[in-house]
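Data from protein_25.txt: compact mmCIF, N, CA and C atoms
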# COMPACT_ATOMS: atom_id res chain seq x y z
N MET A 10 0.83 -1.18 0.00
CA MET A 10 0.00 0.00 0.00
C MET A 10 0.88 1.25 0.00
N LEU A 11 0.49 2.19 -0.82
CA LEU A 11 1.25 3.44 -0.94
C LEU A 11 0.78 4.44 0.10
N ARG A 12 1.70 5.08 0.76
CA ARG A 12 1.34 6.11 1.72
C ARG A 12 1.70 7.46 1.12
N ARG A 13 0.78 8.34 1.21
CA ARG A 13 1.02 9.69 0.69
C ARG A 13 1.22 10.62 1.86
N GLY A 14 2.18 11.51 1.70
CA GLY A 14 2.41 12.51 2.71
C GLY A 14 1.45 13.68 2.53
N ARG A 15 1.46 14.59 3.46
CA ARG A 15 0.58 15.76 3.39
C ARG A 15 0.87 16.59 2.15
N GLU A 16 2.16 16.72 1.78
CA GLU A 16 2.52 17.52 0.60
C GLU A 16 1.94 16.91 -0.67
N THR A 17 1.97 15.57 -0.78
CA THR A 17 1.44 14.90 -1.97
C THR A 17 -0.07 15.11 -2.05
N ASN A 18 -0.78 14.97 -0.92
CA ASN A 18 -2.22 15.18 -0.92
C ASN A 18 -2.57 16.61 -1.28
N THR A 19 -1.82 17.56 -0.76
CA THR A 19 -2.06 18.97 -1.07
C THR A 19 -1.83 19.23 -2.55
N LEU A 20 -0.78 18.68 -3.10
CA LEU A 20 -0.49 18.86 -4.52
C LEU A 20 -1.58 18.24 -5.37
N LEU A 21 -2.06 17.05 -4.99
CA LEU A 21 -3.12 16.39 -5.73
C LEU A 21 -4.40 17.23 -5.69
N PHE A 22 -4.75 17.76 -4.49
CA PHE A 22 -5.94 18.59 -4.35
C PHE A 22 -5.84 19.85 -5.21
N CYS A 23 -4.69 20.53 -5.16
CA CYS A 23 -4.50 21.75 -5.95
C CYS A 23 -4.59 21.46 -7.43
N SER A 24 -4.04 20.33 -7.85
CA SER A 24 -4.09 19.95 -9.26
C SER A 24 -5.53 19.72 -9.69
N MET A 25 -6.32 19.03 -8.85
CA MET A 25 -7.72 18.78 -9.18
C MET A 25 -8.50 20.08 -9.21
N LEU A 26 -8.25 20.96 -8.28
CA LEU A 26 -8.96 22.23 -8.20
C LEU A 26 -8.63 23.11 -9.40
N CYS A 27 -7.37 23.19 -9.76
CA CYS A 27 -6.97 24.01 -10.90
C CYS A 27 -7.56 23.50 -12.20
N ASN A 28 -7.72 22.19 -12.32
CA ASN A 28 -8.32 21.62 -13.52
C ASN A 28 -9.82 21.85 -13.54
N ALA A 29 -10.46 21.99 -12.38
CA ALA A 29 -11.90 22.18 -12.32
C ALA A 29 -12.29 23.65 -12.51
N LEU A 30 -11.43 24.58 -12.15
CA LEU A 30 -11.79 26.00 -12.20
C LEU A 30 -12.24 26.48 -13.58
N PRO A 31 -11.56 26.15 -14.68
CA PRO A 31 -12.03 26.63 -15.97
C PRO A 31 -13.44 26.16 -16.29
N ALA A 32 -13.81 24.96 -15.86
CA ALA A 32 -15.14 24.45 -16.13
C ALA A 32 -16.19 25.14 -15.26
N LEU A 33 -15.79 25.60 -14.08
CA LEU A 33 -16.75 26.25 -13.19
C LEU A 33 -17.19 27.60 -13.73
N HIS A 34 -16.27 28.39 -14.16
CA HIS A 34 -16.61 29.69 -14.71
C HIS A 34 -15.44 30.23 -15.51
N PRO A 35 -15.36 29.89 -16.78
CA PRO A 35 -14.20 30.24 -17.58
C PRO A 35 -13.80 31.72 -17.58
N PRO A 36 -14.74 32.67 -17.71
CA PRO A 36 -14.28 34.06 -17.80
C PRO A 36 -13.63 34.58 -16.53
N LEU A 37 -14.05 34.09 -15.36
CA LEU A 37 -13.52 34.63 -14.13
C LEU A 37 -12.25 33.94 -13.66
N PHE A 38 -12.16 32.63 -13.84
CA PHE A 38 -11.08 31.88 -13.25
C PHE A 38 -9.98 31.49 -14.23
N ARG A 39 -10.11 31.82 -15.49
CA ARG A 39 -9.12 31.39 -16.46
C ARG A 39 -8.05 32.46 -16.62
N PRO A 40 -6.82 32.19 -16.17
CA PRO A 40 -5.75 33.17 -16.36
C PRO A 40 -5.45 33.38 -17.85
N LYS A 41 -4.84 34.50 -18.17
CA LYS A 41 -4.56 34.82 -19.56
C LYS A 41 -3.73 33.74 -20.25
N PHE A 42 -2.79 33.12 -19.51
CA PHE A 42 -1.94 32.14 -20.18
C PHE A 42 -2.67 30.84 -20.50
N TRP A 43 -3.90 30.63 -20.02
CA TRP A 43 -4.68 29.46 -20.38
C TRP A 43 -5.45 29.66 -21.66
N ARG A 44 -5.55 30.88 -22.15
CA ARG A 44 -6.36 31.16 -23.33
C ARG A 44 -5.72 30.55 -24.57
N ASN A 45 -6.59 30.09 -25.49
CA ASN A 45 -6.10 29.49 -26.73
C ASN A 45 -5.53 30.54 -27.67
N ASN A 46 -6.21 31.67 -27.76
CA ASN A 46 -5.69 32.71 -28.65
C ASN A 46 -5.04 33.80 -27.81
N MET A 47 -4.26 34.62 -28.43
CA MET A 47 -3.49 35.61 -27.69
C MET A 47 -4.12 37.00 -27.72
N ASN A 48 -5.37 37.12 -28.19
CA ASN A 48 -5.94 38.47 -28.22
C ASN A 48 -6.23 38.92 -26.80
N THR A 49 -6.10 40.19 -26.58
CA THR A 49 -6.29 40.73 -25.24
C THR A 49 -7.60 41.50 -25.12
N HIS A 50 -8.43 41.44 -26.14
CA HIS A 50 -9.70 42.15 -26.11
C HIS A 50 -10.72 41.33 -25.34
N THR A 51 -11.42 41.98 -24.46
CA THR A 51 -12.49 41.32 -23.72
C THR A 51 -13.77 42.12 -23.93
N PRO A 52 -14.90 41.43 -23.85
CA PRO A 52 -16.17 42.16 -24.00
C PRO A 52 -16.33 43.20 -22.90
N LEU A 53 -16.91 44.31 -23.26
CA LEU A 53 -17.16 45.39 -22.31
C LEU A 53 -18.40 45.05 -21.49
N ALA A 54 -18.32 45.19 -20.19
CA ALA A 54 -19.48 44.97 -19.32
C ALA A 54 -20.32 46.24 -19.31
N VAL A 55 -21.60 46.11 -19.66
CA VAL A 55 -22.50 47.26 -19.67
C VAL A 55 -23.56 47.08 -18.59
N THR A 56 -24.12 48.20 -18.17
CA THR A 56 -25.17 48.20 -17.16
C THR A 56 -26.41 48.87 -17.75
N ASP A 57 -27.48 48.87 -16.97
CA ASP A 57 -28.68 49.58 -17.42
C ASP A 57 -28.36 51.05 -17.69
N GLY A 58 -27.48 51.62 -16.88
CA GLY A 58 -27.13 53.04 -17.04
C GLY A 58 -26.25 53.33 -18.24
N SER A 59 -25.39 52.39 -18.61
CA SER A 59 -24.47 52.65 -19.73
C SER A 59 -24.95 52.04 -21.05
N PHE A 60 -26.08 51.35 -21.04
CA PHE A 60 -26.55 50.66 -22.24
C PHE A 60 -26.80 51.62 -23.41
N LYS A 61 -27.47 52.73 -23.14
CA LYS A 61 -27.79 53.67 -24.22
C LYS A 61 -26.52 54.21 -24.86
N GLU A 62 -25.58 54.61 -24.04
CA GLU A 62 -24.34 55.19 -24.55
C GLU A 62 -23.50 54.17 -25.32
N GLU A 63 -23.35 52.98 -24.77
CA GLU A 63 -22.46 51.98 -25.35
C GLU A 63 -23.07 51.20 -26.51
N VAL A 64 -24.39 51.00 -26.47
CA VAL A 64 -25.04 50.15 -27.47
C VAL A 64 -25.89 50.96 -28.45
N LEU A 65 -26.87 51.67 -27.93
CA LEU A 65 -27.81 52.37 -28.80
C LEU A 65 -27.18 53.52 -29.57
N ASP A 66 -26.23 54.22 -28.95
CA ASP A 66 -25.57 55.35 -29.61
C ASP A 66 -24.28 54.96 -30.32
N SER A 67 -24.01 53.68 -30.47
CA SER A 67 -22.76 53.23 -31.08
C SER A 67 -22.76 53.46 -32.59
N ASP A 68 -21.59 53.83 -33.11
CA ASP A 68 -21.43 54.02 -34.55
C ASP A 68 -21.18 52.73 -35.29
N VAL A 69 -20.85 51.67 -34.56
CA VAL A 69 -20.56 50.37 -35.17
C VAL A 69 -21.60 49.36 -34.68
N PRO A 70 -21.79 48.25 -35.40
CA PRO A 70 -22.70 47.21 -34.93
C PRO A 70 -22.27 46.69 -33.56
N VAL A 71 -23.25 46.24 -32.76
CA VAL A 71 -22.97 45.78 -31.40
C VAL A 71 -23.61 44.41 -31.17
N LEU A 72 -22.84 43.51 -30.57
CA LEU A 72 -23.35 42.24 -30.10
C LEU A 72 -23.47 42.32 -28.59
N VAL A 73 -24.68 42.10 -28.06
CA VAL A 73 -24.90 42.14 -26.62
C VAL A 73 -25.20 40.73 -26.13
N ASP A 74 -24.40 40.26 -25.18
CA ASP A 74 -24.58 38.95 -24.57
C ASP A 74 -25.26 39.15 -23.22
N PHE A 75 -26.51 38.71 -23.10
CA PHE A 75 -27.22 38.75 -21.83
C PHE A 75 -26.94 37.43 -21.13
N TRP A 76 -26.34 37.50 -19.94
CA TRP A 76 -25.84 36.31 -19.25
C TRP A 76 -26.02 36.43 -17.75
N ALA A 77 -25.71 35.33 -17.03
CA ALA A 77 -25.67 35.32 -15.56
C ALA A 77 -24.57 34.35 -15.13
N ALA A 78 -24.01 34.61 -13.97
CA ALA A 78 -22.88 33.81 -13.48
C ALA A 78 -23.28 32.36 -13.21
N TRP A 79 -24.51 32.10 -12.84
CA TRP A 79 -24.96 30.75 -12.50
C TRP A 79 -25.39 29.93 -13.70
N CYS A 80 -25.41 30.53 -14.88
CA CYS A 80 -25.95 29.90 -16.10
C CYS A 80 -24.88 29.06 -16.80
N GLY A 81 -25.09 27.76 -16.86
CA GLY A 81 -24.14 26.86 -17.52
C GLY A 81 -23.95 27.15 -19.00
N PRO A 82 -25.03 27.28 -19.79
CA PRO A 82 -24.86 27.61 -21.21
C PRO A 82 -24.16 28.96 -21.42
N CYS A 83 -24.37 29.90 -20.49
CA CYS A 83 -23.68 31.20 -20.60
C CYS A 83 -22.17 31.01 -20.48
N ARG A 84 -21.77 30.12 -19.58
CA ARG A 84 -20.34 29.84 -19.41
C ARG A 84 -19.78 29.11 -20.62
N MET A 85 -20.62 28.33 -21.29
CA MET A 85 -20.17 27.62 -22.49
C MET A 85 -19.88 28.58 -23.64
N ILE A 86 -20.72 29.59 -23.79
CA ILE A 86 -20.57 30.50 -24.92
C ILE A 86 -19.62 31.66 -24.62
N ALA A 87 -19.27 31.86 -23.35
CA ALA A 87 -18.41 32.99 -22.96
C ALA A 87 -17.07 33.02 -23.70
N PRO A 88 -16.35 31.90 -23.87
CA PRO A 88 -15.08 31.97 -24.60
C PRO A 88 -15.26 32.40 -26.05
N VAL A 89 -16.37 32.00 -26.67
CA VAL A 89 -16.65 32.39 -28.05
C VAL A 89 -16.89 33.90 -28.13
N VAL A 90 -17.65 34.42 -27.17
CA VAL A 90 -17.92 35.86 -27.13
C VAL A 90 -16.61 36.64 -26.93
N GLU A 91 -15.73 36.12 -26.08
CA GLU A 91 -14.42 36.76 -25.88
C GLU A 91 -13.60 36.78 -27.17
N GLU A 92 -13.61 35.67 -27.89
CA GLU A 92 -12.88 35.61 -29.16
C GLU A 92 -13.43 36.62 -30.16
N LEU A 93 -14.75 36.74 -30.21
CA LEU A 93 -15.37 37.69 -31.14
C LEU A 93 -14.98 39.12 -30.81
N ALA A 94 -14.86 39.42 -29.53
CA ALA A 94 -14.45 40.77 -29.12
C ALA A 94 -13.09 41.11 -29.72
N GLY A 95 -12.19 40.15 -29.77
CA GLY A 95 -10.87 40.38 -30.35
C GLY A 95 -10.90 40.40 -31.86
N GLU A 96 -11.64 39.49 -32.46
CA GLU A 96 -11.68 39.38 -33.92
C GLU A 96 -12.36 40.58 -34.57
N PHE A 97 -13.33 41.17 -33.91
CA PHE A 97 -14.08 42.28 -34.49
C PHE A 97 -13.70 43.63 -33.88
N ALA A 98 -12.59 43.68 -33.16
CA ALA A 98 -12.15 44.94 -32.54
C ALA A 98 -12.00 46.02 -33.60
N GLY A 99 -12.65 47.15 -33.37
CA GLY A 99 -12.58 48.26 -34.31
C GLY A 99 -13.66 48.23 -35.37
N ARG A 100 -14.22 47.05 -35.66
CA ARG A 100 -15.27 46.94 -36.68
C ARG A 100 -16.65 46.78 -36.06
N ALA A 101 -16.70 46.15 -34.88
CA ALA A 101 -17.95 45.96 -34.16
C ALA A 101 -17.63 45.94 -32.67
N LYS A 102 -18.64 46.15 -31.88
CA LYS A 102 -18.46 46.18 -30.42
C LYS A 102 -19.14 44.94 -29.84
N VAL A 103 -18.48 44.30 -28.89
CA VAL A 103 -19.04 43.14 -28.20
C VAL A 103 -19.14 43.49 -26.72
N VAL A 104 -20.36 43.41 -26.18
CA VAL A 104 -20.59 43.76 -24.78
C VAL A 104 -21.37 42.64 -24.08
N LYS A 105 -21.26 42.63 -22.75
CA LYS A 105 -21.97 41.65 -21.94
C LYS A 105 -22.78 42.38 -20.88
N MET A 106 -23.98 41.86 -20.61
CA MET A 106 -24.82 42.43 -19.56
C MET A 106 -25.26 41.31 -18.62
N ASP A 107 -24.93 41.45 -17.35
CA ASP A 107 -25.33 40.50 -16.32
C ASP A 107 -26.78 40.79 -15.96
N VAL A 108 -27.67 39.83 -16.25
CA VAL A 108 -29.10 40.05 -16.04
C VAL A 108 -29.49 40.02 -14.57
N ASP A 109 -28.63 39.47 -13.71
CA ASP A 109 -28.93 39.48 -12.27
C ASP A 109 -28.75 40.86 -11.66
N HIS A 110 -27.82 41.63 -12.18
CA HIS A 110 -27.53 42.96 -11.64
C HIS A 110 -28.16 44.08 -12.44
N ASN A 111 -28.67 43.78 -13.62
CA ASN A 111 -29.30 44.77 -14.49
C ASN A 111 -30.61 44.17 -14.99
N THR A 112 -31.72 44.66 -14.47
CA THR A 112 -33.01 44.04 -14.82
C THR A 112 -33.84 44.85 -15.80
N GLU A 113 -33.63 46.15 -15.86
CA GLU A 113 -34.46 47.00 -16.71
C GLU A 113 -34.28 46.71 -18.19
N THR A 114 -33.04 46.68 -18.65
CA THR A 114 -32.78 46.48 -20.08
C THR A 114 -33.24 45.11 -20.56
N PRO A 115 -32.93 44.01 -19.85
CA PRO A 115 -33.46 42.72 -20.31
C PRO A 115 -34.99 42.69 -20.37
N MET A 116 -35.67 43.33 -19.41
CA MET A 116 -37.13 43.39 -19.45
C MET A 116 -37.60 44.18 -20.67
N GLN A 117 -36.91 45.28 -20.96
CA GLN A 117 -37.29 46.13 -22.09
C GLN A 117 -37.20 45.38 -23.41
N TYR A 118 -36.22 44.48 -23.54
CA TYR A 118 -36.03 43.74 -24.79
C TYR A 118 -36.62 42.33 -24.73
N GLY A 119 -37.39 42.03 -23.70
CA GLY A 119 -38.09 40.76 -23.61
C GLY A 119 -37.19 39.55 -23.46
N ILE A 120 -36.09 39.71 -22.74
CA ILE A 120 -35.17 38.60 -22.52
C ILE A 120 -35.81 37.67 -21.49
N ARG A 121 -36.17 36.46 -21.91
CA ARG A 121 -36.84 35.51 -21.02
C ARG A 121 -35.96 34.31 -20.68
N SER A 122 -34.93 34.07 -21.49
CA SER A 122 -34.00 32.99 -21.19
C SER A 122 -32.60 33.43 -21.58
N ILE A 123 -31.61 32.83 -20.94
CA ILE A 123 -30.23 33.19 -21.20
C ILE A 123 -29.44 31.94 -21.52
N PRO A 124 -28.39 32.05 -22.29
CA PRO A 124 -27.88 33.27 -22.90
C PRO A 124 -28.74 33.71 -24.08
N THR A 125 -28.94 35.00 -24.18
CA THR A 125 -29.57 35.62 -25.34
C THR A 125 -28.58 36.60 -25.92
N LEU A 126 -28.38 36.52 -27.21
CA LEU A 126 -27.47 37.43 -27.92
C LEU A 126 -28.31 38.31 -28.83
N LEU A 127 -28.22 39.62 -28.62
CA LEU A 127 -28.91 40.58 -29.49
C LEU A 127 -27.88 41.31 -30.33
N PHE A 128 -28.18 41.47 -31.60
CA PHE A 128 -27.32 42.20 -32.52
C PHE A 128 -27.98 43.54 -32.80
N PHE A 129 -27.25 44.63 -32.58
CA PHE A 129 -27.77 45.97 -32.78
C PHE A 129 -27.03 46.66 -33.92
N LYS A 130 -27.80 47.41 -34.72
CA LYS A 130 -27.23 48.25 -35.76
C LYS A 130 -28.02 49.54 -35.77
N ASP A 131 -27.34 50.66 -35.68
CA ASP A 131 -27.97 51.98 -35.66
C ASP A 131 -29.02 52.10 -34.54
N GLY A 132 -28.73 51.50 -33.39
CA GLY A 132 -29.62 51.61 -32.24
C GLY A 132 -30.84 50.72 -32.28
N GLN A 133 -30.97 49.87 -33.30
CA GLN A 133 -32.12 48.98 -33.43
C GLN A 133 -31.67 47.52 -33.39
N VAL A 134 -32.53 46.66 -32.88
CA VAL A 134 -32.23 45.23 -32.86
C VAL A 134 -32.25 44.71 -34.30
N ALA A 135 -31.13 44.11 -34.71
CA ALA A 135 -31.00 43.59 -36.07
C ALA A 135 -31.01 42.07 -36.10
N GLY A 136 -31.01 41.44 -34.94
CA GLY A 136 -31.02 39.98 -34.89
C GLY A 136 -30.97 39.50 -33.46
N GLN A 137 -31.34 38.22 -33.28
CA GLN A 137 -31.37 37.65 -31.94
C GLN A 137 -31.06 36.16 -32.03
N LEU A 138 -30.27 35.68 -31.10
CA LEU A 138 -30.01 34.25 -30.94
C LEU A 138 -30.22 33.90 -29.47
N VAL A 139 -30.95 32.83 -29.22
CA VAL A 139 -31.19 32.38 -27.85
C VAL A 139 -30.53 31.02 -27.67
N GLY A 140 -29.77 30.88 -26.59
CA GLY A 140 -29.08 29.63 -26.31
C GLY A 140 -27.69 29.63 -26.90
N VAL A 141 -27.03 28.49 -26.77
CA VAL A 141 -25.67 28.35 -27.28
C VAL A 141 -25.72 28.14 -28.78
N SER A 142 -24.96 28.92 -29.51
CA SER A 142 -24.90 28.83 -30.96
C SER A 142 -23.46 28.64 -31.40
N PRO A 143 -23.26 28.01 -32.55
CA PRO A 143 -21.89 27.85 -33.06
C PRO A 143 -21.26 29.20 -33.37
N LYS A 144 -19.96 29.27 -33.23
CA LYS A 144 -19.23 30.50 -33.50
C LYS A 144 -19.48 30.99 -34.92
N LYS A 145 -19.58 30.08 -35.87
CA LYS A 145 -19.79 30.46 -37.26
C LYS A 145 -21.07 31.28 -37.45
N ASP A 146 -22.13 30.90 -36.74
CA ASP A 146 -23.38 31.67 -36.83
C ASP A 146 -23.19 33.10 -36.34
N LEU A 147 -22.48 33.25 -35.24
CA LEU A 147 -22.24 34.59 -34.70
C LEU A 147 -21.36 35.41 -35.64
N VAL A 148 -20.31 34.79 -36.17
CA VAL A 148 -19.41 35.48 -37.09
C VAL A 148 -20.16 35.91 -38.34
N ASP A 149 -21.00 35.01 -38.89
CA ASP A 149 -21.76 35.35 -40.10
C ASP A 149 -22.68 36.54 -39.87
N ARG A 150 -23.36 36.56 -38.74
CA ARG A 150 -24.28 37.68 -38.45
C ARG A 150 -23.53 38.99 -38.24
N LEU A 151 -22.41 38.93 -37.51
CA LEU A 151 -21.63 40.15 -37.30
C LEU A 151 -21.00 40.63 -38.61
N ASP A 152 -20.49 39.70 -39.42
CA ASP A 152 -19.92 40.08 -40.72
C ASP A 152 -20.96 40.78 -41.59
N ALA A 153 -22.19 40.27 -41.60
CA ALA A 153 -23.25 40.88 -42.40
C ALA A 153 -23.56 42.30 -41.92
N LEU A 154 -23.60 42.48 -40.60
CA LEU A 154 -23.87 43.82 -40.07
C LEU A 154 -22.72 44.78 -40.34
N VAL A 155 -21.50 44.28 -40.25
CA VAL A 155 -20.33 45.13 -40.52
C VAL A 155 -20.31 45.52 -41.99
N ALA A 156 -20.66 44.58 -42.89
CA ALA A 156 -20.69 44.87 -44.33
C ALA A 156 -21.75 45.91 -44.66
N GLN A 157 -22.90 45.86 -43.98
CA GLN A 157 -23.95 46.86 -44.20
C GLN A 157 -23.52 48.24 -43.74
N ALA A 158 -22.74 48.26 -42.66
CA ALA A 158 -22.30 49.54 -42.09
C ALA A 158 -21.23 50.21 -42.94
N ALA A 159 -20.50 49.42 -43.72
CA ALA A 159 -19.38 49.96 -44.51
C ALA A 159 -19.85 50.69 -45.74
Written form, structure tokens:
Amino acid sequence: MLRRGRETNTLLFCSMLCNALPALHPPLFRPKFWRNNMNTHTPLAVTDGSFKEEVLDSDVPVLVDFWAAWCGPCRMIAPVVEELAGEFAGRAKVVKMDVDHNTETPMQYGIRSIPTLLFFKDGQVAGQLVGVSPKKDLVDRLDALVAQAA
């Protein structure tokens, strides 16, 4: 029988915990060096108070991710939203709104389930996706909005 010392048990526990953290909540617990791509752009967090300025008054198309920290599908799509923020930097804006801390805007746009992604162009809703969607669908919709704006 193998006996493990306290140091071995501690190392094993830390290893298990570090491997579990990205699955628990990727955007909060994933250090930069764990990211697959090297872009440093992250989605802007908006509130009910900053929504008009950041989204409705924007000169470029905007993707708004309505999410919550406890939502599993929201955590699944979060890395894709982060990648889009880097890929479309300067051409489109990618923002996130926590529906637990901001209730007015989600109610105004009829957000009933999360994640919900709204695409805005010229202050108007130009598209909507509910649930987890493939990255290609998001890229295609943003590309179409960017092409219209050009």
For A:Val141, the nearest of the candidates A:Ala156, A:Ala98, A:Val73, A:Cys83, counting all atoms listed in the file: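 Between A:Ala156, A:Ala98, A:Val73, A:Cys83, the residue approaching A:Val141 most closely is A:Cys83.
The shell of residues at most 7 Å from stretch 104-114 of chain A, with only C-alpha atoms counted and near chain neighbours (fewer than 5 positions) removed, consists of Pro52, Leu53, Ala54, Val55, Thr56, Asp57, Leu72, Val73, Asp74, Phe75, Trp76 and Ala77 of chain A.
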Using backbone DSSP assignments, extract all helix (DSSP H, G or I) residues from stretch 27-150 of chain A; output them as an MDAnalysis selection string. chainID A and resid 27:33 35:38 41:43 60:65 81:96 113:117 144:150
With N, CA and C atoms retained, write the just-selected residues as a tab-separated table (two decimals), in the coordinates of the input.
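To be explicit, this is the file written out as selection-v5.tsv:
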chain	number	residue	atom	x	y	z
A	27	CYS	N	-7.37	23.19	-9.76
A	27	CYS	CA	-6.97	24.01	-10.90
A	27	CYS	C	-7.56	23.50	-12.20
A	28	ASN	N	-7.72	22.19	-12.32
A	28	ASN	CA	-8.32	21.62	-13.52
A	28	ASN	C	-9.82	21.85	-13.54
A	29	ALA	N	-10.46	21.99	-12.38
A	29	ALA	CA	-11.90	22.18	-12.32
A	29	ALA	C	-12.29	23.65	-12.51
A	30	LEU	N	-11.43	24.58	-12.15
A	30	LEU	CA	-11.79	26.00	-12.20
A	30	LEU	C	-12.24	26.48	-13.58
A	31	PRO	N	-11.56	26.15	-14.68
A	31	PRO	CA	-12.03	26.63	-15.97
A	31	PRO	C	-13.44	26.16	-16.29
A	32	ALA	N	-13.81	24.96	-15.86
A	32	ALA	CA	-15.14	24.45	-16.13
A	32	ALA	C	-16.19	25.14	-15.26
A	33	LEU	N	-15.79	25.60	-14.08
A	33	LEU	CA	-16.75	26.25	-13.19
A	33	LEU	C	-17.19	27.60	-13.73
A	35	PRO	N	-15.36	29.89	-16.78
A	35	PRO	CA	-14.20	30.24	-17.58
A	35	PRO	C	-13.80	31.72	-17.58
A	36	PRO	N	-14.74	32.67	-17.71
A	36	PRO	CA	-14.28	34.06	-17.80
A	36	PRO	C	-13.63	34.58	-16.53
A	37	LEU	N	-14.05	34.09	-15.36
A	37	LEU	CA	-13.52	34.63	-14.13
A	37	LEU	C	-12.25	33.94	-13.66
A	38	PHE	N	-12.16	32.63	-13.84
A	38	PHE	CA	-11.08	31.88	-13.25
A	38	PHE	C	-9.98	31.49	-14.23
A	41	LYS	N	-4.84	34.50	-18.17
A	41	LYS	CA	-4.56	34.82	-19.56
A	41	LYS	C	-3.73	33.74	-20.25
A	42	PHE	N	-2.79	33.12	-19.51
A	42	PHE	CA	-1.94	32.14	-20.18
A	42	PHE	C	-2.67	30.84	-20.50
A	43	TRP	N	-3.90	30.63	-20.02
A	43	TRP	CA	-4.68	29.46	-20.38
A	43	TRP	C	-5.45	29.66	-21.66
A	60	PHE	N	-26.08	51.35	-21.04
A	60	PHE	CA	-26.55	50.66	-22.24
A	60	PHE	C	-26.80	51.62	-23.41
A	61	LYS	N	-27.47	52.73	-23.14
A	61	LYS	CA	-27.79	53.67	-24.22
A	61	LYS	C	-26.52	54.21	-24.86
A	62	GLU	N	-25.58	54.61	-24.04
A	62	GLU	CA	-24.34	55.19	-24.55
A	62	GLU	C	-23.50	54.17	-25.32
A	63	GLU	N	-23.35	52.98	-24.77
A	63	GLU	CA	-22.46	51.98	-25.35
A	63	GLU	C	-23.07	51.20	-26.51
A	64	VAL	N	-24.39	51.00	-26.47
A	64	VAL	CA	-25.04	50.15	-27.47
A	64	VAL	C	-25.89	50.96	-28.45
A	65	LEU	N	-26.87	51.67	-27.93
A	65	LEU	CA	-27.81	52.37	-28.80
A	65	LEU	C	-27.18	53.52	-29.57
A	81	GLY	N	-25.09	27.76	-16.86
A	81	GLY	CA	-24.14	26.86	-17.52
A	81	GLY	C	-23.95	27.15	-19.00
A	82	PRO	N	-25.03	27.28	-19.79
A	82	PRO	CA	-24.86	27.61	-21.21
A	82	PRO	C	-24.16	28.96	-21.42
A	83	CYS	N	-24.37	29.90	-20.49
A	83	CYS	CA	-23.68	31.20	-20.60
A	83	CYS	C	-22.17	31.01	-20.48
A	84	ARG	N	-21.77	30.12	-19.58
A	84	ARG	CA	-20.34	29.84	-19.41
A	84	ARG	C	-19.78	29.11	-20.62
A	85	MET	N	-20.62	28.33	-21.29
A	85	MET	CA	-20.17	27.62	-22.49
A	85	MET	C	-19.88	28.58	-23.64
A	86	ILE	N	-20.72	29.59	-23.79
A	86	ILE	CA	-20.57	30.50	-24.92
A	86	ILE	C	-19.62	31.66	-24.62
A	87	ALA	N	-19.27	31.86	-23.35
A	87	ALA	CA	-18.41	32.99	-22.96
A	87	ALA	C	-17.07	33.02	-23.70
A	88	PRO	N	-16.35	31.90	-23.87
A	88	PRO	CA	-15.08	31.97	-24.60
A	88	PRO	C	-15.26	32.40	-26.05
A	89	VAL	N	-16.37	32.00	-26.67
A	89	VAL	CA	-16.65	32.39	-28.05
A	89	VAL	C	-16.89	33.90	-28.13
A	90	VAL	N	-17.65	34.42	-27.17
A	90	VAL	CA	-17.92	35.86	-27.13
A	90	VAL	C	-16.61	36.64	-26.93
A	91	GLU	N	-15.73	36.12	-26.08
A	91	GLU	CA	-14.42	36.76	-25.88
A	91	GLU	C	-13.60	36.78	-27.17
A	92	GLU	N	-13.61	35.67	-27.89
A	92	GLU	CA	-12.88	35.61	-29.16
A	92	GLU	C	-13.43	36.62	-30.16
A	93	LEU	N	-14.75	36.74	-30.21
A	93	LEU	CA	-15.37	37.69	-31.14
A	93	LEU	C	-14.98	39.12	-30.81
A	94	ALA	N	-14.86	39.42	-29.53
A	94	ALA	CA	-14.45	40.77	-29.12
A	94	ALA	C	-13.09	41.11	-29.72
A	95	GLY	N	-12.19	40.15	-29.77
A	95	GLY	CA	-10.87	40.38	-30.35
A	95	GLY	C	-10.90	40.40	-31.86
A	96	GLU	N	-11.64	39.49	-32.46
A	96	GLU	CA	-11.68	39.38	-33.92
A	96	GLU	C	-12.36	40.58	-34.57
A	113	GLU	N	-33.63	46.15	-15.86
A	113	GLU	CA	-34.46	47.00	-16.71
A	113	GLU	C	-34.28	46.71	-18.19
A	114	THR	N	-33.04	46.68	-18.65
A	114	THR	CA	-32.78	46.48	-20.08
A	114	THR	C	-33.24	45.11	-20.56
A	115	PRO	N	-32.93	44.01	-19.85
A	115	PRO	CA	-33.46	42.72	-20.31
A	115	PRO	C	-34.99	42.69	-20.37
A	116	MET	N	-35.67	43.33	-19.41
A	116	MET	CA	-37.13	43.39	-19.45
A	116	MET	C	-37.60	44.18	-20.67
A	117	GLN	N	-36.91	45.28	-20.96
A	117	GLN	CA	-37.29	46.13	-22.09
A	117	GLN	C	-37.20	45.38	-23.41
A	144	LYS	N	-19.96	29.27	-33.23
A	144	LYS	CA	-19.23	30.50	-33.50
A	144	LYS	C	-19.48	30.99	-34.92
A	145	LYS	N	-19.58	30.08	-35.87
A	145	LYS	CA	-19.79	30.46	-37.26
A	145	LYS	C	-21.07	31.28	-37.45
A	146	ASP	N	-22.13	30.90	-36.74
A	146	ASP	CA	-23.38	31.67	-36.83
A	146	ASP	C	-23.19	33.10	-36.34
A	147	LEU	N	-22.48	33.25	-35.24
A	147	LEU	CA	-22.24	34.59	-34.70
A	147	LEU	C	-21.36	35.41	-35.64
A	148	VAL	N	-20.31	34.79	-36.17
A	148	VAL	CA	-19.41	35.48	-37.09
A	148	VAL	C	-20.16	35.91	-38.34
A	149	ASP	N	-21.00	35.01	-38.89
A	149	ASP	CA	-21.76	35.35	-40.10
A	149	ASP	C	-22.68	36.54	-39.87
A	150	ARG	N	-23.36	36.56	-38.74
A	150	ARG	CA	-24.28	37.68	-38.45
A	150	ARG	C	-23.53	38.99	-38.24
Pick the closest to A:Arg84 from A:Ala158, A:Val71, A:Asp152, A:Pro124: which is it, counting only C-alpha atoms?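 Ranked by minimum distance to A:Arg84, first place goes to A:Pro124.
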Atom CA of A:Ile86 and atom CA of A:Ile120 are how many Å apart? 16.9 Å
